[in-house]
$ cat final-v1.txt   # compact mmCIF, C-alpha atoms
# COMPACT_ATOMS: atom_id res chain seq x y z
CA MET A 1 78.23 121.78 88.15
CA PRO A 2 76.87 122.21 84.67
CA GLY A 3 73.11 122.43 84.51
CA ARG A 4 70.76 120.27 82.55
CA PRO A 5 71.57 120.52 78.83
CA LYS A 6 69.29 122.72 76.80
CA ILE A 7 66.86 121.15 74.40
CA ILE A 8 67.60 122.02 70.79
CA ARG A 9 65.13 124.63 69.60
CA LYS A 10 63.67 124.18 66.17
CA ILE A 11 63.87 127.10 63.75
CA SER A 12 61.81 127.09 60.59
CA VAL A 13 63.41 129.90 58.60
CA ALA A 14 66.70 131.68 59.06
CA PRO A 15 66.39 135.48 59.47
CA VAL A 16 66.83 137.53 56.28
CA ALA A 17 69.30 139.89 57.94
CA SER A 18 72.23 139.06 60.13
CA GLY A 19 71.67 142.12 62.26
CA PHE A 20 70.47 145.69 62.67
CA ARG A 21 72.23 148.93 63.43
CA PRO A 22 70.95 152.33 64.51
CA TYR A 23 71.54 155.41 62.39
CA GLY A 24 71.64 159.13 63.06
CA MET A 25 73.12 158.74 66.51
CA ALA A 26 73.76 161.91 68.51
CA GLN A 27 77.33 163.22 68.12
CA ASN A 28 78.23 162.86 71.75
CA ALA A 29 76.71 159.42 72.09
CA LYS A 30 79.26 156.82 73.04
CA LYS A 31 79.59 153.84 70.79
CA LYS A 32 78.51 150.78 72.70
CA GLU A 33 79.10 147.13 72.15
CA SER A 34 76.71 145.16 70.01
CA LEU A 35 74.00 142.98 71.45
CA PHE A 36 73.69 139.37 70.43
CA LEU A 37 70.16 138.27 69.70
CA LEU A 38 70.09 134.49 69.61
CA TYR A 39 68.46 132.63 66.76
CA GLU A 40 65.96 131.09 69.12
CA GLU A 41 65.01 134.53 70.41
CA TYR A 42 64.52 135.76 66.90
CA GLU A 43 62.33 132.76 66.15
CA ALA A 44 60.26 133.21 69.32
CA LEU A 45 59.69 136.85 68.44
CA ARG A 46 58.77 135.98 64.90
CA LEU A 47 56.25 133.34 65.97
CA CYS A 48 54.65 135.36 68.77
CA ASP A 49 54.62 138.87 67.35
CA TYR A 50 54.88 138.49 63.60
CA GLU A 51 52.95 135.30 62.93
CA LYS A 52 50.72 136.07 65.94
CA TYR A 53 50.65 132.58 67.35
CA THR A 54 49.97 132.08 71.02
CA GLN A 55 52.95 131.23 73.17
CA ALA A 56 51.67 127.68 73.60
CA GLU A 57 51.47 127.20 69.82
CA ALA A 58 54.85 128.81 69.29
CA SER A 59 56.43 126.55 71.89
CA SER A 60 55.21 123.43 70.09
CA PHE A 61 56.64 124.75 66.81
CA MET A 62 60.00 125.26 68.44
CA ASN A 63 59.85 121.96 70.27
CA VAL A 64 60.28 123.45 73.74
CA SER A 65 57.94 123.76 76.70
CA ARG A 66 55.65 126.75 77.06
CA PRO A 67 57.49 128.26 80.06
CA THR A 68 60.79 127.93 78.21
CA LEU A 69 59.35 129.69 75.18
CA THR A 70 58.15 132.47 77.47
CA ARG A 71 61.64 132.88 78.89
CA ILE A 72 63.21 132.96 75.42
CA TYR A 73 60.60 135.46 74.26
CA MET A 74 61.10 137.64 77.32
CA SER A 75 64.82 137.73 76.85
CA ALA A 76 64.33 138.66 73.18
CA ARG A 77 62.14 141.61 74.11
CA GLU A 78 64.53 142.75 76.80
CA LYS A 79 67.46 142.68 74.42
CA ILE A 80 65.62 144.54 71.70
CA ALA A 81 64.41 147.17 74.16
CA GLN A 82 67.95 147.60 75.44
CA ALA A 83 69.33 147.94 71.93
CA PHE A 84 66.66 150.52 71.05
CA VAL A 85 67.16 152.64 74.12
CA GLU A 86 70.94 152.50 74.21
CA GLY A 87 71.38 152.66 70.44
CA ARG A 88 73.30 149.42 70.17
CA ASN A 89 73.76 147.22 67.15
CA ILE A 90 71.88 143.95 67.13
CA ILE A 91 73.63 140.89 65.75
CA ILE A 92 71.51 137.81 65.24
CA GLU A 93 73.64 134.79 65.97
CA GLY A 94 74.24 131.93 68.34
CA GLY A 95 71.85 129.88 70.39
CA LYS A 96 71.19 126.20 70.56
CA VAL A 97 69.10 125.62 67.48
CA CYS A 98 68.57 123.37 64.51
CA PHE A 99 66.72 124.04 61.31
CA ASP A 100 63.61 122.24 60.25
CA SER A 101 65.01 119.13 58.61
CA GLU A 102 63.64 117.16 55.64
CA TRP A 103 64.29 120.20 53.47
CA TYR A 104 66.71 120.08 50.61
CA THR A 105 68.36 122.72 48.53
CA CYS A 106 69.42 122.51 44.90
CA GLY A 107 72.81 123.86 43.90
CA SER A 108 71.95 124.53 40.29
CA CYS A 109 68.61 126.38 40.44
CA ASN A 110 68.87 127.60 44.04
CA CYS A 111 65.45 126.37 45.04
CA PHE A 112 64.38 124.70 48.27
CA PHE A 113 62.10 121.70 48.44
CA ASN A 114 60.91 119.11 50.92
CA ASN A 115 60.54 115.39 50.65
CA PRO A 116 56.95 114.38 51.36
CA PHE A 117 57.71 110.69 50.88
CA LYS A 118 59.96 109.89 53.77
CA GLU A 119 60.41 106.26 52.72
CA THR A 120 62.16 107.10 49.46
CA GLN A 121 65.39 108.98 49.08
CA LEU A 122 65.39 112.00 46.82
CA GLU A 123 68.12 112.03 44.23
CA VAL A 124 67.27 114.74 41.74
CA CYS A 125 65.91 118.25 42.12
CA PRO A 126 62.16 118.17 41.38
CA LEU A 127 62.40 121.48 39.57
CA CYS A 128 65.40 121.31 37.28
CA GLY A 129 66.39 117.65 37.56
CA SER A 130 69.91 118.44 38.68
CA ARG A 131 71.71 115.91 40.89
CA ASP A 132 73.44 118.65 42.81
CA ILE A 133 71.14 118.56 45.82
CA GLN A 134 72.00 118.83 49.45
CA ASN A 135 70.09 118.10 52.59
CA PHE A 136 69.39 121.31 54.41
CA GLU A 137 70.11 119.52 57.64
CA SER A 138 73.66 118.69 56.61
CA LEU A 139 74.11 122.38 55.96
CA SER A 140 72.86 123.33 59.35
CA GLU A 141 74.84 120.52 60.97
CA GLU A 142 78.07 122.47 60.80
CA GLU A 143 76.28 125.62 61.76
CA LYS A 144 74.72 123.74 64.64
CA SER A 145 78.06 123.25 66.30
CA GLU A 146 78.60 126.97 65.97
CA PHE A 147 75.27 127.68 67.54
CA THR A 148 75.59 125.36 70.45
CA TYR A 149 77.80 127.70 72.37
CA ILE A 150 76.83 131.26 73.01
CA GLY A 151 79.66 133.65 73.56
CA LYS A 152 79.46 137.38 73.76
CA SER A 153 82.08 137.91 71.13
CA GLY A 154 83.30 137.05 67.65
CA CYS A 155 83.51 133.34 67.13
CA GLY A 156 80.99 132.55 69.83
CA ARG A 157 83.65 130.93 71.99
CA GLY A 158 84.57 133.99 73.96
CA HIS A 159 88.15 134.52 72.83
CA CYS A 160 88.13 136.82 69.85
CA SER A 161 86.08 139.96 70.28
CA ASN A 162 86.04 142.44 67.41
CA LYS A 163 87.69 140.14 64.91
CA ARG A 164 84.49 139.38 63.10
CA LYS A 165 84.20 143.02 62.11
CA ARG A 166 87.34 142.77 60.07
CA GLY A 167 86.13 139.57 58.53
CA ARG A 168 88.85 137.42 60.01
CA MET A 169 88.19 134.01 61.39
CA CYS A 170 89.12 133.25 64.93
CA GLN A 171 92.55 131.58 65.07
CA LYS A 172 91.75 129.33 67.98
CA ASN A 173 88.62 128.20 66.24
CA GLN A 174 90.52 126.84 63.29
CA GLU A 175 92.98 124.79 65.26
CA MET B 176 51.42 114.41 37.22
CA LYS B 177 50.19 117.92 37.86
CA VAL B 178 52.17 120.80 39.31
CA ALA B 179 50.68 123.99 40.73
CA ILE B 180 52.63 127.21 40.27
CA THR B 181 51.53 130.37 42.03
CA SER B 182 51.23 133.07 39.41
CA SER B 183 50.70 136.82 39.49
CA GLY B 184 48.75 136.82 36.23
CA ASN B 185 46.97 134.46 33.86
CA THR B 186 49.51 134.31 31.04
CA LEU B 187 52.70 132.32 30.57
CA LYS B 188 54.65 135.58 30.74
CA SER B 189 53.42 136.32 34.26
CA THR B 190 55.90 136.08 37.08
CA LEU B 191 55.86 133.74 40.05
CA ASP B 192 53.73 135.03 42.92
CA LYS B 193 55.78 135.06 46.09
CA ARG B 194 52.86 134.22 48.35
CA PHE B 195 51.03 130.95 48.30
CA GLY B 196 47.69 131.58 50.01
CA ARG B 197 47.03 134.97 48.47
CA CYS B 198 48.47 134.58 45.00
CA SER B 199 46.39 135.85 42.06
CA PHE B 200 46.30 132.68 39.95
CA PHE B 201 47.33 129.07 40.17
CA ALA B 202 48.92 127.78 37.00
CA ILE B 203 48.25 124.04 36.85
CA TYR B 204 50.81 122.38 34.63
CA ASP B 205 50.23 118.82 33.48
CA THR B 206 53.54 117.08 32.83
CA LEU B 207 51.93 114.34 30.73
CA THR B 208 49.86 116.41 28.32
CA ASP B 209 52.05 119.53 28.56
CA GLU B 210 48.97 121.70 29.12
CA VAL B 211 48.71 124.71 31.37
CA GLU B 212 45.49 125.82 33.01
CA PHE B 213 45.05 129.01 35.01
CA ILE B 214 42.74 128.97 37.99
CA PRO B 215 41.92 132.32 39.66
CA ASN B 216 42.41 132.22 43.41
CA PRO B 217 39.15 133.07 45.22
CA ASN B 218 41.08 133.57 48.47
CA LYS B 219 43.16 136.42 47.10
CA ASP B 220 41.61 139.04 49.35
CA ALA B 221 40.57 136.77 52.20
CA GLU B 222 41.26 138.25 55.60
CA GLU B 223 42.25 134.99 57.16
CA GLY B 224 42.44 131.33 56.33
CA ALA B 225 43.60 132.00 52.78
CA GLY B 226 46.34 129.41 53.08
CA PRO B 227 44.27 126.37 54.13
CA ALA B 228 41.53 127.29 51.63
CA SER B 229 44.09 127.48 48.84
CA VAL B 230 45.52 124.14 49.89
CA GLN B 231 42.05 122.65 49.53
CA LEU B 232 41.70 124.18 46.10
CA VAL B 233 44.94 122.78 44.74
CA ALA B 234 44.58 119.46 46.56
CA SER B 235 41.23 118.92 44.82
CA VAL B 236 42.89 119.16 41.36
CA PRO B 237 44.92 117.09 42.55
CA VAL B 238 48.49 118.27 42.28
CA GLU B 239 51.64 116.55 43.50
CA LYS B 240 53.96 119.53 43.62
CA ILE B 241 53.53 123.20 44.36
CA VAL B 242 56.00 125.87 43.28
CA SER B 243 55.85 129.15 45.17
CA GLY B 244 58.01 131.81 46.76
CA GLU B 245 57.07 131.02 50.31
CA PHE B 246 54.83 128.80 52.40
CA GLY B 247 53.32 129.77 55.74
CA PHE B 248 53.56 127.78 58.89
CA LYS B 249 50.09 126.28 58.75
CA ILE B 250 50.54 125.31 55.11
CA LYS B 251 53.77 123.43 55.64
CA SER B 252 52.25 120.95 58.06
CA LEU B 253 49.06 120.64 55.99
CA LEU B 254 50.94 119.87 52.79
CA ALA B 255 53.26 117.46 54.54
CA GLU B 256 50.21 115.48 55.65
CA LEU B 257 48.74 115.51 52.15
CA LYS B 258 52.11 114.41 50.75
CA ILE B 259 52.32 117.32 48.36
CA GLN B 260 55.85 118.43 47.62
CA MET B 261 56.71 122.09 48.19
CA ILE B 262 59.27 123.83 46.03
CA VAL B 263 60.44 127.26 47.10
CA ILE B 264 62.08 129.57 44.60
CA LYS B 265 63.74 132.55 46.15
CA ASP B 266 64.39 134.72 43.11
CA SER B 267 61.00 135.86 41.96
CA ASP B 268 61.92 137.17 38.50
CA LYS B 269 61.17 133.82 36.94
CA THR B 270 58.11 133.66 34.68
CA ILE B 271 55.69 130.74 34.57
CA GLU B 272 57.20 129.84 31.21
CA ASP B 273 60.71 129.62 32.71
CA ILE B 274 59.52 127.39 35.53
CA ILE B 275 57.69 125.05 33.18
CA GLU B 276 60.84 124.89 31.07
CA LEU B 277 62.78 123.89 34.20
CA LEU B 278 60.18 121.29 35.12
CA LYS B 279 60.56 119.59 31.75
CA HIS B 280 64.26 118.85 32.35

$ encode --input "final-v1.txt" --output "structure tokens"
Amino acid sequence: MPGRPKIIRKISVAPVASGFRPYGMAQNAKKKESLFLLYEEYEALRLCDYEKYTQAEASSFMNVSRPTLTRIYMSAREKIAQAFVEGRNIIIEGGKVCFDSEWYTCGSCNCFFNNPFKETQLEVCPLCGSRDIQNFESLSEEEKSEFTYIGKSGCGRGHCSNKRKRGRMCQKNQE
Amino acid sequence: MKVAITSSGNTLKSTLDKRFGRCSFFAIYDTLTDEVEFIPNPNKDAEEGAGPASVQLVASVPVEKIVSGEFGFKIKSLLAELKIQMIVIKDSDKTIEDIIELLKH
């Protein structure tokens, strides 16, 4: 029986790095598999520890309940501690998330902007006047489907470990 | 219409300040008269609450758009309520002059 579906967690900014790796490992240390830090865990950590919001405030930003936020946050700390102690790589990916909508991005000047007037549709970039604008949500839409399933390996669907290292896409994923 | 640009100095050659609340100057550009005015930010060294105080400052001008490198969490919701448009520019090498040139389109 599948459980109750997870509520989509809201993320305000994507992380600047896609992961972290240890350096200067001892010679005899065994290379271990990478750890996957979910986007929602990254966001919980950012809100609680970096922005120093309380867990209750952070939970309302992410659109989840306070106990859920606490669980996400706890799992983030556990994973980071494990990666630190065991010298594993951290890869930030996966998780059931969506990005803060109502943001647009311009293809010609690379800026981001929001639409404060929800009634009217934006057509040109407010900065450079280019028509090459895209809703940030439509960008994250395709990423969303990627995020909705959390696998331990490569494509996030559990059938192509290690392939992402060589920069190849998962075959099954493309079918 | 007036646009606020966060600036690191008080000349047109100054670069965009990446932070909103604690930027050095606000360059207020008037699209109608093509004039630029520099307002020093009194909240530059504030320990906390720099963001909301800066919002008040620029909202009293009043401006309709703000160009900056980044906006904090508190600011985003505040500005959304005030219906001020936020424009985020990621590459910070742009000078105030460049941005005004872009705004003229």

$ residues_around --input "final-v1.txt" --residues "range 213-215 of chain B" --least-positions-apart "5" --cutoff "10 Å" --atoms "all atoms listed in the file" --output "list in words"
Ala179, Ile180, Thr181, Ser182, Ser183, Gly184, Asn185, Thr186, Leu187, Cys198, Ser199, Phe200, Phe201, Ala202, Ile203, Tyr204, Leu232 and Val233 of chain B

$ residues_around --input "final-v1.txt" --residues "range 223-226 of chain B" --least-positions-apart "5" --cutoff "10 Å" --atoms "all atoms listed in the file" --output "list in words"
Arg194, Phe195, Gly196, Arg197, Cys198, Asn216, Pro217, Asn218, Gln231, Leu232, Phe246, Gly247, Phe248, Lys249, Ile250, Lys251 and Leu253 of chain B

$ write_last_selection --input "final-v1.txt" --atoms "C-alpha atoms" --output "PDB file, in the frame of the given file"
ATOM      1  CA  ARG B 194      52.860 134.220  48.350  1.00  0.00           C
ATOM      2  CA  PHE B 195      51.030 130.950  48.300  1.00  0.00           C
ATOM      3  CA  GLY B 196      47.690 131.580  50.010  1.00  0.00           C
ATOM      4  CA  ARG B 197      47.030 134.970  48.470  1.00  0.00           C
ATOM      5  CA  CYS B 198      48.470 134.580  45.000  1.00  0.00           C
ATOM      6  CA  ASN B 216      42.410 132.220  43.410  1.00  0.00           C
ATOM      7  CA  PRO B 217      39.150 133.070  45.220  1.00  0.00           C
ATOM      8  CA  ASN B 218      41.080 133.570  48.470  1.00  0.00           C
ATOM      9  CA  GLN B 231      42.050 122.650  49.530  1.00  0.00           C
ATOM     10  CA  LEU B 232      41.700 124.180  46.100  1.00  0.00           C
ATOM     11  CA  PHE B 246      54.830 128.800  52.400  1.00  0.00           C
ATOM     12  CA  GLY B 247      53.320 129.770  55.740  1.00  0.00           C
ATOM     13  CA  PHE B 248      53.560 127.780  58.890  1.00  0.00           C
ATOM     14  CA  LYS B 249      50.090 126.280  58.750  1.00  0.00           C
ATOM     15  CA  ILE B 250      50.540 125.310  55.110  1.00  0.00           C
ATOM     16  CA  LYS B 251      53.770 123.430  55.640  1.00  0.00           C
ATOM     17  CA  LEU B 253      49.060 120.640  55.990  1.00  0.00           C
TER      18      LEU B 253
END

$ residues_around --input "final-v1.txt" --residues "Ile259 in chain B" --least-positions-apart "2" --cutoff "10 Å" --atoms "all atoms listed in the file" --output "JSON, numbers by chain"
{"A": [114, 115, 116, 117], "B": [178, 230, 233, 234, 237, 238, 239, 240, 241, 251, 253, 254, 255, 256, 257, 261, 262]}

$ write_last_selection --input "final-v1.txt" --atoms "C-alpha atoms" --output "short mmCIF file (atom, residue, chain, number, x, y, z; two decimals), in the frame of the given file"
data_model
loop_
_atom_site.label_atom_id
_atom_site.label_comp_id
_atom_site.auth_asym_id
_atom_site.auth_seq_id
_atom_site.Cartn_x
_atom_site.Cartn_y
_atom_site.Cartn_z
CA ASN A 114 60.91 119.11 50.92
CA ASN A 115 60.54 115.39 50.65
CA PRO A 116 56.95 114.38 51.36
CA PHE A 117 57.71 110.69 50.88
CA VAL B 178 52.17 120.80 39.31
CA VAL B 230 45.52 124.14 49.89
CA VAL B 233 44.94 122.78 44.74
CA ALA B 234 44.58 119.46 46.56
CA PRO B 237 44.92 117.09 42.55
CA VAL B 238 48.49 118.27 42.28
CA GLU B 239 51.64 116.55 43.50
CA LYS B 240 53.96 119.53 43.62
CA ILE B 241 53.53 123.20 44.36
CA LYS B 251 53.77 123.43 55.64
CA LEU B 253 49.06 120.64 55.99
CA LEU B 254 50.94 119.87 52.79
CA ALA B 255 53.26 117.46 54.54
CA GLU B 256 50.21 115.48 55.65
CA LEU B 257 48.74 115.51 52.15
CA MET B 261 56.71 122.09 48.19
CA ILE B 262 59.27 123.83 46.03
#

$ interface_residues --input "final-v1.txt" --of "chain A" --to "chain B" --cutoff "10 Å" --atoms "only C-alpha atoms" --output "list in words"
Ser12, Leu47, Glu51, Phe61, Trp103, Tyr104, Thr105, Cys109, Asn110, Cys111, Phe112, Phe113, Asn114, Asn115, Pro116, Phe117, Lys118, Cys125, Pro126, Leu127, Cys128, Gly129 and Ser130 of chain A

$ atom_distance --input "final-v1.txt" --atom1 "CA of Val97 in chain A" --atom2 "CA of Ile133 in chain A"
22.9 Å

$ atom_distance --input "final-v1.txt" --atom1 "CA of Ile92 in chain A" --atom2 "CA of Glu41 in chain A"
8.9 Å

$ atom_distance --input "final-v1.txt" --atom1 "CA of Thr68 in chain A" --atom2 "CA of Gly87 in chain A"
28.0 Å

$ residues_around --input "final-v1.txt" --residues "Glu86 in chain A" --least-positions-apart "6" --cutoff "12 Å" --atoms "all atoms listed in the file" --output "ChimeraX atom specification"
/A:21-22,25-26,29-35,78-80

$ write_last_selection --input "final-v1.txt" --atoms "C-alpha atoms" --output "mmCIF file, keeping the file's coordinate frame"
data_model
loop_
_atom_site.group_PDB
_atom_site.id
_atom_site.type_symbol
_atom_site.label_atom_id
_atom_site.label_comp_id
_atom_site.auth_asym_id
_atom_site.auth_seq_id
_atom_site.Cartn_x
_atom_site.Cartn_y
_atom_site.Cartn_z
ATOM 1 C CA ARG A 21 72.230 148.930 63.430
ATOM 2 C CA PRO A 22 70.950 152.330 64.510
ATOM 3 C CA MET A 25 73.120 158.740 66.510
ATOM 4 C CA ALA A 26 73.760 161.910 68.510
ATOM 5 C CA ALA A 29 76.710 159.420 72.090
ATOM 6 C CA LYS A 30 79.260 156.820 73.040
ATOM 7 C CA LYS A 31 79.590 153.840 70.790
ATOM 8 C CA LYS A 32 78.510 150.780 72.700
ATOM 9 C CA GLU A 33 79.100 147.130 72.150
ATOM 10 C CA SER A 34 76.710 145.160 70.010
ATOM 11 C CA LEU A 35 74.000 142.980 71.450
ATOM 12 C CA GLU A 78 64.530 142.750 76.800
ATOM 13 C CA LYS A 79 67.460 142.680 74.420
ATOM 14 C CA ILE A 80 65.620 144.540 71.700
#

$ residues_around --input "final-v1.txt" --residues "Thr270 in chain B" --least-positions-apart "4" --cutoff "6 Å" --atoms "all atoms listed in the file" --output "PyMOL selection string"
chain B and resi 188-191

$ axis_aligned_box --input "final-v1.txt" --around "range 196-206 of chain B" --padding-each-side "3 Å" --output "AutoDock Vina command-line options"
--center_x 49.9 --center_y 126.5 --center_z 41.4 --size_x 13.2 --size_y 24.8 --size_z 23.2

$ closest_residue --input "final-v1.txt" --among "A:Ala83, A:Val124, A:Ala76, A:Ile8" --to "Arg46 in chain A" --atoms "all atoms listed in the file"
A:Ala76
